[in-house]
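S.K.: One structure, as structure tokens, below. Some questions next.
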Amino acid sequence: MISNRRKRLIDKAARWVVTAGGAAIIAWLAAIFIFIAIEVYPLFGKPKIGEVISFKIDGDFRPAAIGMDEYHESSYIIGEDGRVFFFSPKNPSTPPSPPLQRGGILSAPLEVGGLIRLVKLDASSKITSVYRSGDNSRLALGTSDGRVLSVKITYKINYDSNNKRIIEPEIEENNLIQITTEKLPIKLLAFTEKESDIAATVYTEDGRLLFYGRKTTETLLEGIKTEEFHADLSDQITNHKSEIQNPKSEIKITSLAIDGFLENLYAGAESGNIYHFDIRERSSPKLINTIKASSSPITALSFLLGDVSLVAGDGEGGINIWFRVRDDTAETGWRLKKIHTLKSQGKAVTSISPSVRGKGFLTASSDGTVSSHFATSEQTRFIIQHSSKPISMVSYAPKNDGILSIDTENILHYQTVNDPHPEISFKSLFGKVWYEGYEKEEYVWQSTGGTDDFESKFSLLPLIYGTLKGTIYALMFAIPIAVLGAIYTSLFMNPWLKGIIKPVIEIMAALPSVVLGFLAGLWLAPLVEKRIPAIILMLIVLPFLSILSSLLWRSLPLSLKRRFNSGNESLLLIPVFILGMIICVWMNYYIENLLFTGDFRNWYYNTLWLRYDQRNALIVGFAMGFAVIPLIFTISEDALSNVPKHLISGSLALGATLWQTAVRVVLASASPGIFSAIMIGFGRAVGETMIVLMATGNTPIMEWNIFNGFRTLSANIAVEIPEAPAGSTLYRVLFLAALLLFIVTFMINTAAEVVRQRLKKKYAQL
Amino acid sequence: MKKFIKTGEPFIWLTAGAVATSLIMIVAILLLIMKNGLGFFWPSDIALLMLKNNEKLLGQIVNREAIPQPGAAAGTILKYRIQLKMGNRDIYGLDFKWVDVEDIKGIDYPENALCLERREWGNMYGFAKELKIAGSVVSGTDGNIWTALNSSVEKYGELHKRIVFVAKKEIGQINYDMERLRLKIRKLELEYGKENPAIKEKIENISKEIEREKGLYEKKSLELEELYIKTREAVILISTAEEKEKEIPVYNVVRAYMPNNMGVFQKMGIYLSRLWEFVSDDPREANTEGGIFPAIFGTVMMVLIMSIAVVPLGVLAAIYLNEYARQGTLVKTVRIAVNNLAGVPSIVFGVFGIGFFIYFIGGVIDKLFFPEMLPAPTYGTGGILWASMTLALLTVPVVIVATEEGLGAAPREWREGSLALGATKFETIWKVILPSAAPGIMTGLILAMARAAGEVAPLMITGVVKLAPSLPLDWSYPFLHLERKFMHLGFHIYDVGFQSPNVEAAKPMVYTTTFLLIGVVVLLNIFAIFIRNRLRKKYVSATF
């Protein structure tokens with residue numbers, strides 16, 4: 001025998017264990033929601049910004065260009081005199097960087113730490129201008145004697161025996177080109193290389209805009225041939241200008257940019273104009289367009305990743321993104337359009353540094369601030385005060401996690417940032433966005449593409465649309481069958497048949513959705529494709545047949561009728577329906593020939609201009625409807641059967657017919673229950689994955705056309721999450737989709753449950 | 001007439017029609033799957049089609065349909081075409097061909113038409129010409145060729161088994177051991193540093209073991225080579241319908257039969273043997289042939305692991321909710337929430353599984369216990385454990401609800417009686433209430449198992465693969481490999497039906513897999529319904 005004390009102890013322990021365990025499990029279920037929400041949160045989080053670290057540069061070292069490496073360990077400054085200095089902004093005191101302390105003086109120690117001299121540059125010439133091309137590693141330097149040197153900075157990464165990272169910077173000096181014959185200093189420069197072709201434009205001290213092009217062609221006869229072209233573009237601008245106004249005024253160019261395809265040259269002017277030159281014909285660049293882009297000077301121009309979007313910053317801090325859009329009214333078929341406008345910075349934009357991963361970019365301003373923007377989502381992510389003096393140059397780290405800037409006092413500023421999802425805003429997820437290469441604002445979901453500079457498009461709207469489309473077609477099929485079936489089963493059906501029907505329906509509910517999806521996609525879809533008129537016909541013929549049967553039944557002699565109990569009508573209808581279906585299928589051929597010129601799909605396309613996909617919304621409607629029918633059926637049947645019996649008896653006793661009682665009494669009082677059944681069916685259809693995955697083409701388009709496909713939130717998750725790296729934007733957006741599904745289904749189910757509970761209470765009171 | 005409509009009789013028939021439609025649909029689907037799933041293994045006759053252009057085609061007729069004639073006038077006579085499974089993929093490139101009935105001069109069923117099921121390239125249809133076994137030749141006209149062929153197919157089947165055993169089991173085991181030893185060294189080095197003298201001796205010992213394994217490996221490779229030489233010994237010469245000749249190693253033949261010459265019982269034998277192969281063998285030819293044993297095994301194993309997790313969790317939560325928690329609005333809300341969780345889409349649970357189990361918990365486990373494997377993940381990637389846990393979360397509401405129903409069904413008097421006799425609350429629950437709730441728990445578990453067996457969406461992102469190299473349970477230490485990826489019947493259906501390069505050839509297999517899956521799920525459900533009905537009856541009789 002166990003003593004009483006021990007018994008009580010065990011009892012207490014059990015109480016404690018069960019309470020703790022049970023509460024923990026329930027909390028655990030709540031944690032699902034919380035965990036998913038935590039994973040989504042960083043999408044909308046604010047960027048994390050580190051402290052600004054400043055270094056003073058020794059007076060005799062005048063920086064012309066700055067740039068960062070991937071690890072912030074080997075960033076560079078190029079001096080006006082051609083010296084290149086590598087240093088680690090992250091830990092300035094560790095070698096190989098020179099002894100420089102926070103806030104200390106960056107004396108240019110030639111020998112000590114990573115200081116190299118550009119060999120191709122004459123000692124006498126100075127760097128007067130710099131152009132950085134899209135991928136950030138290529139630089140072009142314009143000199144005081146009218147030459148351009150293209151330089152490539154690369155990093156070799158090795159690991160030593162202790163797995164410590166060693167970064168070795170390398171400078172590759174490529175072409176040295178004499179562009180101005182007069183050896184005039186180059187004030188502004190744009191330079192792009194593609195394989196061995198070159199296009200360069202310079203704006204010289206004496207106000208001329210000069211073009212230089214080099215083209216290498218390979219022919220069978222002549223072998224490799226290199227041609228060089230020189231052109232003065234200033235005349236084209238002044239000529240153009242003279243037509244408008246004051247012919248004598250000099251055109252002052254304030255910024256230049258050439259795209260990576262060597263096709264377009266843009267020159268921003270002090271007047272606020274952007275001159276667009278077509279430089280595909282390298283021998284004769286042509287001014288094709290002049291756009292009044294701003295009322296103040298265009299102080300900075302830069303291409304974003306992909307070399308299609310052009311950012312223009314002006315003297316009043318306005319930042320706009322332009323790209324060419326197809327336009328039939330324009331002479332060339334294309335027109336440069338202002339696509340995105342960002343919030344004005346207030347003060348002149350001095351420098352732009354595009355990101356190499358995505359459509360983000362940094363701008364520096366003459367009031368000493370550096371701001372980060374994202375073009376497509378039109379967001380200014382953050383603004384940071386780097387200095388009290390104007391910033392002359394800014395550079396974005398390759399992984400977008402650091403900023404290096406330099407001000408007019410020659411003070412370097414370094415700062416880490418962490419802004420992993422700049423492309424996400426409420427608008428980019430749910431609104432219309434104008435993407436590169438599109439003719440207008442659109443809702444687009446396209447998470448991955450073929451090229452490196454592909455921009456992911458994360459509009460959830462096509463997916464939400466697809467989800468609703470599938471759900472609505474499924475419910476259109478399921479509700480009539482399930483609700484009518486429930487009415488019949490609960491009110492008119494023979495009890496013995498009821499005993500069979502209910503388990504059958506339960507088994508119908510248990511059919512795995514992958515099986516339904518498989519049958520829908522591989523059996524039903526090809527079958528329906530050939531027999532659409534028959535399917536449409538069936539939808540009309542079958543209800544008609546049941547009513548017809550009732551008339552026939554009435555006219556049958558009583559002796560025959562007596563053999564069947566009432567309540568078995570549905571069994572009698574089965575052979576009738578099968579016969580009806582066979583007739584419909586048989587008629588299909590004739591209807592198709594008679595009404596649809598022999599081929600429904602062609603007819604559909606030719607008359608309505610809508611495409612027919614084999615796996616379409618109709619198929620999903622059938623398959624998902626099939627999955628939802630048992631759910632709606634069971635709950636509606638429950639609600640109908642629970643209507644208090646005395647109400648029915650009362651109604652019948654007052655002389656109402658069976659049908660009148662069914663509609664006016666039972667259906668009326670059970671309607672909230674049926675409504676809640678439909679809501680639960682809706683919840684199930686919204687989240688169904690395998691059926692839509694298998695029975696549609698999974699194309700994220702937005703059309704209500706019943707004969708084409710769609711992509712739902714759930715199928716999208718199943719398709720894309722295996723490819724999404726943990727923590728990436730796509731990964732988090734998919735979590736957001738899951739969160740949406742969770743919230744929607746949970747709320748719908750809760751609402752349905754509340755309605756049912758109320759109904760139960762009401763019945764109890766009656 | 002109007003009066004008749006007023007009685008509502010037509011509307012009653014209309015509602016009856018809805019029930020009839022549901023019944024027709026469900027029965028049609030079950031019949032369709034049964035017909036296609038079970039018919040696949042029946043060795044149907046091989047037809048020789050003689051076409052009007054004197055071409056000859058040999059194969060099994062699998063389908064017949066009307067040819068669509070767009071634009072034809074009404075009343076045009078329908079034309080038909082038949083689909084022929086011609087096999088011989090290595091010769092024709094395609095398995096199937098549509099032939100218009102119009103073009104056919106005649107159909108013959110030659111008695112000596114032979115069907116060879118091969119390990120590669122699918123079926124071969126033709127006529128046996130010669131059988132060459134190690135020099136001796138049996139001619140096709142010889143009556144003995146049939147028995148000779150069958151006995152040699154059997155013999156080489158044994159050889160195949162031996163090769164699989166050596167290549168997969170023995171050499172696989174050696175590779176596995178070597179990899180483990182290598183990781184052991186890495187682990188020691190990570191723990192103590194690379195050149196630490198303290199582990200020098202240990203490492204040397206392990207290296208010696210690796211050397212020994214290498215020696216074993218070479219021995220086994222030699223044996224395997226010898227076995228492979230044997231596979232080329234026997235060859236059968238087949239002539240196709242157009243009298244092209246093709247030599248096929250007997251080793252490549254899984255099964256040979258002449259269906260046109262067989263009685264029902266012989267066919268039945270082939271049927272059963274193919275069915276057995278289907279449930280017991282590994283898949284061949286990118287899952288389109290052979291068996292689905294790994295998928296069955298994976299499904300069962302996943303469901304079992306899930307059950308082990310879900311029962312204690314669900315029962316504990318249900319006891320808490322029903323017996324210990326103070327009944328009030330909070331518990332009511334929790335109950336509704338738990339119930340509604342069952343309605344949350346399964347893919348959401350999959351997303352949770354991938355984020356929480358795989359990347360979070362799995363990542364931590366890898367860092368703590370498997371640093372030597374990094375950067376290759378061990379638990380930080382999908383596997384059977386995580387898939388089972390995800391499904392356990394998905395199905396725990398089902399168990400909670402069913403258990404609560406079971407607990408609630410126990411009559412009040414029992415509880416009061418037990419307490420009155422001096423039992424503590426725990427004793428009452430443990431000895432009186434819980435046993436009576438057992439059928440409820442069983443129902444919940446069975447429903448959970450049925451749901452888990454049929455679920456695919458959360459699995460395909462948490463550890464199911466189309467082809468798993470090894471089972472999650474085998475003879476290599478530590479026997480149970482919870483981190484391994486596995487195959488699953490439901491995913492098999494999706495993968496073979498939609499991702500396979502040869503969907504047409506694979507379709508019958510998918511139907512059979514579907515039949516199997518539905519069979520399991522429906523049986524489980526019927527079982528659950530049966531238990532629940534008994535439970536209800538029991539308490540109905542107990543109260544009166």
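By convention in this document, the chains of the structure tokens carry letters A, B, ... by their order, each chain's residues are numbered from 1, and ligands are numbered from 1 in the order they are shown.
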Determine, for each residue of chain B having at least one atom at most 6 Å from an atom of chain A, the closest pair of atoms and their separation in Å to one decimal, counting only C-alpha atoms; order by chain and ascending number, as a tab-separated table.

M.R.:
```
residue	atom	partner	partner_atom	distance
B:Gly8	CA	A:Trp659	CA	5.1
B:Pro10	CA	A:Ile547	CA	4.9
B:Trp13	CA	A:Ser546	CA	5.6
B:Leu14	CA	A:Ser546	CA	5.4
B:Thr15	CA	A:Leu484	CA	4.7
B:Ala16	CA	A:Ser570	CA	4.5
B:Gly17	CA	A:Ser570	CA	5.9
B:Ala18	CA	A:Ile481	CA	4.7
B:Val19	CA	A:Gly485	CA	4.7
B:Ala20	CA	A:Ser570	CA	5.0
B:Pro70	CA	A:Gly598	CA	4.1
B:Gly71	CA	A:Gly598	CA	4.4
B:Ala74	CA	A:Tyr590	CA	6.0
B:Leu316	CA	A:Gly22	CA	5.5
B:Ala317	CA	A:Gly22	CA	4.0
B:Tyr320	CA	A:Gly22	CA	5.2
B:Asn340	CA	A:Asn749	CA	5.8
B:Val344	CA	A:Thr745	CA	5.8
B:Pro345	CA	A:Gly687	CA	4.6
B:Val348	CA	A:Ala738	CA	5.3
B:Phe426	CA	A:Asp11	CA	5.1
B:Gly454	CA	A:Pro512	CA	4.7
```

S.K.: So which residues touch Lys292 of chain A within 10 Å, counting only C-alpha atoms, skipping near sequence neighbours fewer than 6 positions away, as number ranges by chain?

M.R.: A: 268-269, 271-275

S.K.: Would you output that residue set with C-alpha atoms, as an mmCIF file, in the first residue's frame?

M.R.:
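See part.cif below for the written result:
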```cif
data_model
loop_
_atom_site.group_PDB
_atom_site.id
_atom_site.type_symbol
_atom_site.label_atom_id
_atom_site.label_comp_id
_atom_site.auth_asym_id
_atom_site.auth_seq_id
_atom_site.Cartn_x
_atom_site.Cartn_y
_atom_site.Cartn_z
ATOM 1 C CA GLY A 268 23.523 66.858 -67.524
ATOM 2 C CA ALA A 269 23.801 70.616 -67.906
ATOM 3 C CA SER A 271 20.482 74.646 -67.136
ATOM 4 C CA GLY A 272 18.813 71.508 -65.820
ATOM 5 C CA ASN A 273 18.717 69.843 -69.225
ATOM 6 C CA ILE A 274 19.757 66.294 -69.881
ATOM 7 C CA TYR A 275 21.162 65.748 -73.365
#
```

S.K.: Can you list every residue in segment 103-322 of chain A that DSSP puts in helix (DSSP H, G or I), as a VMD selection string?

M.R.: chain A and resid 234 to 244

S.K.: Neighbouring residues of Glu213 of chain B were defined as those with any atom within 9 Å, considering only C-alpha atoms; residues of the same chain fewer than 3 positions away were excluded. Please report them as a PDB file with N, CA and C atoms, in the first residue's frame.

M.R.:
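Listed below is the output, result.pdb:
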```pdb
ATOM      1  N   ILE B 174      31.457   0.065 -46.263  1.00  0.00           N
ATOM      2  CA  ILE B 174      32.877   0.431 -46.144  1.00  0.00           C
ATOM      3  C   ILE B 174      33.036   1.944 -46.320  1.00  0.00           C
ATOM      4  N   ASN B 175      32.370   2.476 -47.334  1.00  0.00           N
ATOM      5  CA  ASN B 175      32.451   3.925 -47.561  1.00  0.00           C
ATOM      6  C   ASN B 175      31.934   4.699 -46.358  1.00  0.00           C
ATOM      7  N   ASP B 177      31.830   3.682 -43.262  1.00  0.00           N
ATOM      8  CA  ASP B 177      32.780   3.589 -42.146  1.00  0.00           C
ATOM      9  C   ASP B 177      33.969   4.517 -42.356  1.00  0.00           C
ATOM     10  N   MET B 178      34.454   4.546 -43.594  1.00  0.00           N
ATOM     11  CA  MET B 178      35.616   5.391 -43.864  1.00  0.00           C
ATOM     12  C   MET B 178      35.292   6.861 -43.628  1.00  0.00           C
ATOM     13  N   LYS B 208      45.167   3.991 -39.300  1.00  0.00           N
ATOM     14  CA  LYS B 208      45.403   2.570 -39.578  1.00  0.00           C
ATOM     15  C   LYS B 208      44.095   1.889 -39.962  1.00  0.00           C
ATOM     16  N   GLU B 209      43.065   2.219 -39.200  1.00  0.00           N
ATOM     17  CA  GLU B 209      41.762   1.624 -39.496  1.00  0.00           C
ATOM     18  C   GLU B 209      41.299   1.993 -40.898  1.00  0.00           C
ATOM     19  N   ILE B 210      41.556   3.264 -41.250  1.00  0.00           N
ATOM     20  CA  ILE B 210      41.160   3.704 -42.592  1.00  0.00           C
ATOM     21  C   ILE B 210      41.902   2.882 -43.636  1.00  0.00           C
ATOM     22  N   LEU B 216      39.994  -3.512 -47.645  1.00  0.00           N
ATOM     23  CA  LEU B 216      38.722  -4.211 -47.811  1.00  0.00           C
ATOM     24  C   LEU B 216      38.010  -3.735 -49.064  1.00  0.00           C
ATOM     25  N   TYR B 217      38.052  -2.424 -49.223  1.00  0.00           N
ATOM     26  CA  TYR B 217      37.367  -1.805 -50.363  1.00  0.00           C
ATOM     27  C   TYR B 217      37.916  -2.351 -51.674  1.00  0.00           C
ATOM     28  N   GLU B 218      39.259  -2.431 -51.734  1.00  0.00           N
ATOM     29  CA  GLU B 218      39.851  -2.927 -52.981  1.00  0.00           C
ATOM     30  C   GLU B 218      39.447  -4.371 -53.247  1.00  0.00           C
TER      31      GLU B 218
END
```

S.K.: As a ChimeraX atom specification, please: the residues near segment 614-617 of chain A (cut-off 7 Å, only C-alpha atoms, same-chain neighbours under 5 positions excluded).

M.R.: /A:470,473,521,525-526,529,695-697,706-709

S.K.: Generate a file of the selected residues that holds all heavy atoms, formatted as a PDB file, in the first residue's frame.

M.R.:
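again-v1.pdb, written as the output of this step:
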```pdb
ATOM      1  N   GLY A 470      -9.012  30.854 -57.366  1.00  0.00           N
ATOM      2  CA  GLY A 470      -9.173  29.419 -57.170  1.00  0.00           C
ATOM      3  C   GLY A 470     -10.255  29.121 -56.155  1.00  0.00           C
ATOM      4  O   GLY A 470     -11.121  28.260 -56.358  1.00  0.00           O
ATOM      5  N   TYR A 473     -13.871  29.865 -57.564  1.00  0.00           N
ATOM      6  CA  TYR A 473     -14.368  28.853 -58.499  1.00  0.00           C
ATOM      7  C   TYR A 473     -14.670  27.545 -57.779  1.00  0.00           C
ATOM      8  O   TYR A 473     -15.627  26.844 -58.098  1.00  0.00           O
ATOM      9  CB  TYR A 473     -13.376  28.640 -59.643  1.00  0.00           C
ATOM     10  CG  TYR A 473     -13.446  29.740 -60.678  1.00  0.00           C
ATOM     11  CD1 TYR A 473     -12.338  30.485 -61.026  1.00  0.00           C
ATOM     12  CD2 TYR A 473     -14.656  30.020 -61.317  1.00  0.00           C
ATOM     13  CE1 TYR A 473     -12.405  31.499 -61.965  1.00  0.00           C
ATOM     14  CE2 TYR A 473     -14.744  31.027 -62.251  1.00  0.00           C
ATOM     15  CZ  TYR A 473     -13.614  31.766 -62.578  1.00  0.00           C
ATOM     16  OH  TYR A 473     -13.703  32.761 -63.503  1.00  0.00           O
ATOM     17  N   GLY A 521      -5.007  17.025 -62.579  1.00  0.00           N
ATOM     18  CA  GLY A 521      -4.002  17.471 -63.541  1.00  0.00           C
ATOM     19  C   GLY A 521      -3.790  16.490 -64.681  1.00  0.00           C
ATOM     20  O   GLY A 521      -3.633  16.884 -65.833  1.00  0.00           O
ATOM     21  N   ALA A 525      -7.956  17.095 -66.559  1.00  0.00           N
ATOM     22  CA  ALA A 525      -7.629  18.221 -67.440  1.00  0.00           C
ATOM     23  C   ALA A 525      -7.632  17.827 -68.918  1.00  0.00           C
ATOM     24  O   ALA A 525      -8.276  18.491 -69.728  1.00  0.00           O
ATOM     25  CB  ALA A 525      -6.308  18.842 -67.030  1.00  0.00           C
ATOM     26  N   PRO A 526      -6.943  16.749 -69.300  1.00  0.00           N
ATOM     27  CA  PRO A 526      -6.993  16.375 -70.717  1.00  0.00           C
ATOM     28  C   PRO A 526      -8.385  15.929 -71.146  1.00  0.00           C
ATOM     29  O   PRO A 526      -8.780  16.112 -72.308  1.00  0.00           O
ATOM     30  CB  PRO A 526      -6.007  15.223 -70.831  1.00  0.00           C
ATOM     31  CG  PRO A 526      -5.494  14.924 -69.496  1.00  0.00           C
ATOM     32  CD  PRO A 526      -5.995  15.934 -68.536  1.00  0.00           C
ATOM     33  N   GLU A 529     -10.553  19.115 -71.541  1.00  0.00           N
ATOM     34  CA  GLU A 529     -10.072  19.922 -72.651  1.00  0.00           C
ATOM     35  C   GLU A 529     -10.819  19.597 -73.945  1.00  0.00           C
ATOM     36  O   GLU A 529     -11.113  20.469 -74.749  1.00  0.00           O
ATOM     37  CB  GLU A 529      -8.578  19.666 -72.830  1.00  0.00           C
ATOM     38  CG  GLU A 529      -7.910  20.622 -73.773  1.00  0.00           C
ATOM     39  CD  GLU A 529      -6.462  20.255 -74.006  1.00  0.00           C
ATOM     40  OE1 GLU A 529      -6.098  19.089 -73.750  1.00  0.00           O
ATOM     41  OE2 GLU A 529      -5.703  21.120 -74.440  1.00  0.00           O
ATOM     42  N   ALA A 695      -2.828  21.188 -60.558  1.00  0.00           N
ATOM     43  CA  ALA A 695      -3.895  21.353 -61.540  1.00  0.00           C
ATOM     44  C   ALA A 695      -3.909  22.727 -62.214  1.00  0.00           C
ATOM     45  O   ALA A 695      -4.803  23.017 -62.980  1.00  0.00           O
ATOM     46  CB  ALA A 695      -5.245  21.073 -60.896  1.00  0.00           C
ATOM     47  N   THR A 696      -2.924  23.575 -61.926  1.00  0.00           N
ATOM     48  CA  THR A 696      -2.829  24.820 -62.696  1.00  0.00           C
ATOM     49  C   THR A 696      -1.424  24.942 -63.239  1.00  0.00           C
ATOM     50  O   THR A 696      -0.531  24.217 -62.844  1.00  0.00           O
ATOM     51  CB  THR A 696      -3.057  26.072 -61.829  1.00  0.00           C
ATOM     52  OG1 THR A 696      -1.918  26.235 -60.976  1.00  0.00           O
ATOM     53  CG2 THR A 696      -4.295  25.987 -61.011  1.00  0.00           C
ATOM     54  N   GLY A 697      -1.249  25.896 -64.132  1.00  0.00           N
ATOM     55  CA  GLY A 697       0.082  26.113 -64.692  1.00  0.00           C
ATOM     56  C   GLY A 697       0.978  26.915 -63.757  1.00  0.00           C
ATOM     57  O   GLY A 697       2.141  27.105 -64.037  1.00  0.00           O
ATOM     58  N   ILE A 706     -11.903  31.885 -66.731  1.00  0.00           N
ATOM     59  CA  ILE A 706     -12.002  30.579 -66.055  1.00  0.00           C
ATOM     60  C   ILE A 706     -11.125  29.541 -66.728  1.00  0.00           C
ATOM     61  O   ILE A 706     -10.741  28.546 -66.118  1.00  0.00           O
ATOM     62  CB  ILE A 706     -13.476  30.122 -66.018  1.00  0.00           C
ATOM     63  CG1 ILE A 706     -13.629  28.897 -65.124  1.00  0.00           C
ATOM     64  CG2 ILE A 706     -14.012  29.819 -67.411  1.00  0.00           C
ATOM     65  CD1 ILE A 706     -15.050  28.530 -64.814  1.00  0.00           C
ATOM     66  N   PHE A 707     -10.748  29.777 -67.988  1.00  0.00           N
ATOM     67  CA  PHE A 707      -9.982  28.759 -68.701  1.00  0.00           C
ATOM     68  C   PHE A 707      -8.483  29.024 -68.713  1.00  0.00           C
ATOM     69  O   PHE A 707      -7.785  28.573 -69.612  1.00  0.00           O
ATOM     70  CB  PHE A 707     -10.499  28.599 -70.130  1.00  0.00           C
ATOM     71  CG  PHE A 707     -11.887  28.027 -70.182  1.00  0.00           C
ATOM     72  CD1 PHE A 707     -12.923  28.699 -70.788  1.00  0.00           C
ATOM     73  CD2 PHE A 707     -12.152  26.786 -69.599  1.00  0.00           C
ATOM     74  CE1 PHE A 707     -14.194  28.166 -70.822  1.00  0.00           C
ATOM     75  CE2 PHE A 707     -13.423  26.251 -69.634  1.00  0.00           C
ATOM     76  CZ  PHE A 707     -14.448  26.945 -70.241  1.00  0.00           C
ATOM     77  N   ASN A 708      -7.978  29.827 -67.786  1.00  0.00           N
ATOM     78  CA  ASN A 708      -6.524  29.825 -67.665  1.00  0.00           C
ATOM     79  C   ASN A 708      -6.098  29.706 -66.217  1.00  0.00           C
ATOM     80  O   ASN A 708      -6.923  29.688 -65.306  1.00  0.00           O
ATOM     81  CB  ASN A 708      -5.879  31.016 -68.381  1.00  0.00           C
ATOM     82  CG  ASN A 708      -6.171  32.324 -67.715  1.00  0.00           C
ATOM     83  OD1 ASN A 708      -6.669  32.366 -66.602  1.00  0.00           O
ATOM     84  ND2 ASN A 708      -5.874  33.404 -68.393  1.00  0.00           N
ATOM     85  N   GLY A 709      -4.798  29.593 -66.043  1.00  0.00           N
ATOM     86  CA  GLY A 709      -4.296  29.230 -64.719  1.00  0.00           C
ATOM     87  C   GLY A 709      -4.053  30.423 -63.830  1.00  0.00           C
ATOM     88  O   GLY A 709      -4.413  31.560 -64.140  1.00  0.00           O
TER      89      GLY A 709
END
```

S.K.: Atom CA of Lys389 of chain A to atom CA of Phe61 of chain A: how many Å, to one decimal?

M.R.: 18.5 Å

S.K.: Give me the residues within 9 Å of segment 38-50 of chain B as a ChimeraX atom specification, counting only C-alpha atoms and dropping any in the same chain fewer than 2 places off.

M.R.: /B:33-36,52-61,84,103-111,113-115,125,241,257-261,267-268,270-275,508-509,511-512,515

S.K.: List as an MDAnalysis selection string the protein and nucleic acid residues near segment 492-497 of chain B, meaning an atom at most 7 Å away when only C-alpha atoms are counted, but skip any in the same chain fewer than 3 places from it.

M.R.: (chainID A and resid 514 518) or (chainID B and resid 287:288 466 488:489 500 503 506:507 510 513:514)

S.K.: State, in Å with one decimal place, the distance from atom CA of Glu201 of chain B to atom CA of Glu179 of chain B.

M.R.: 19.4 Å
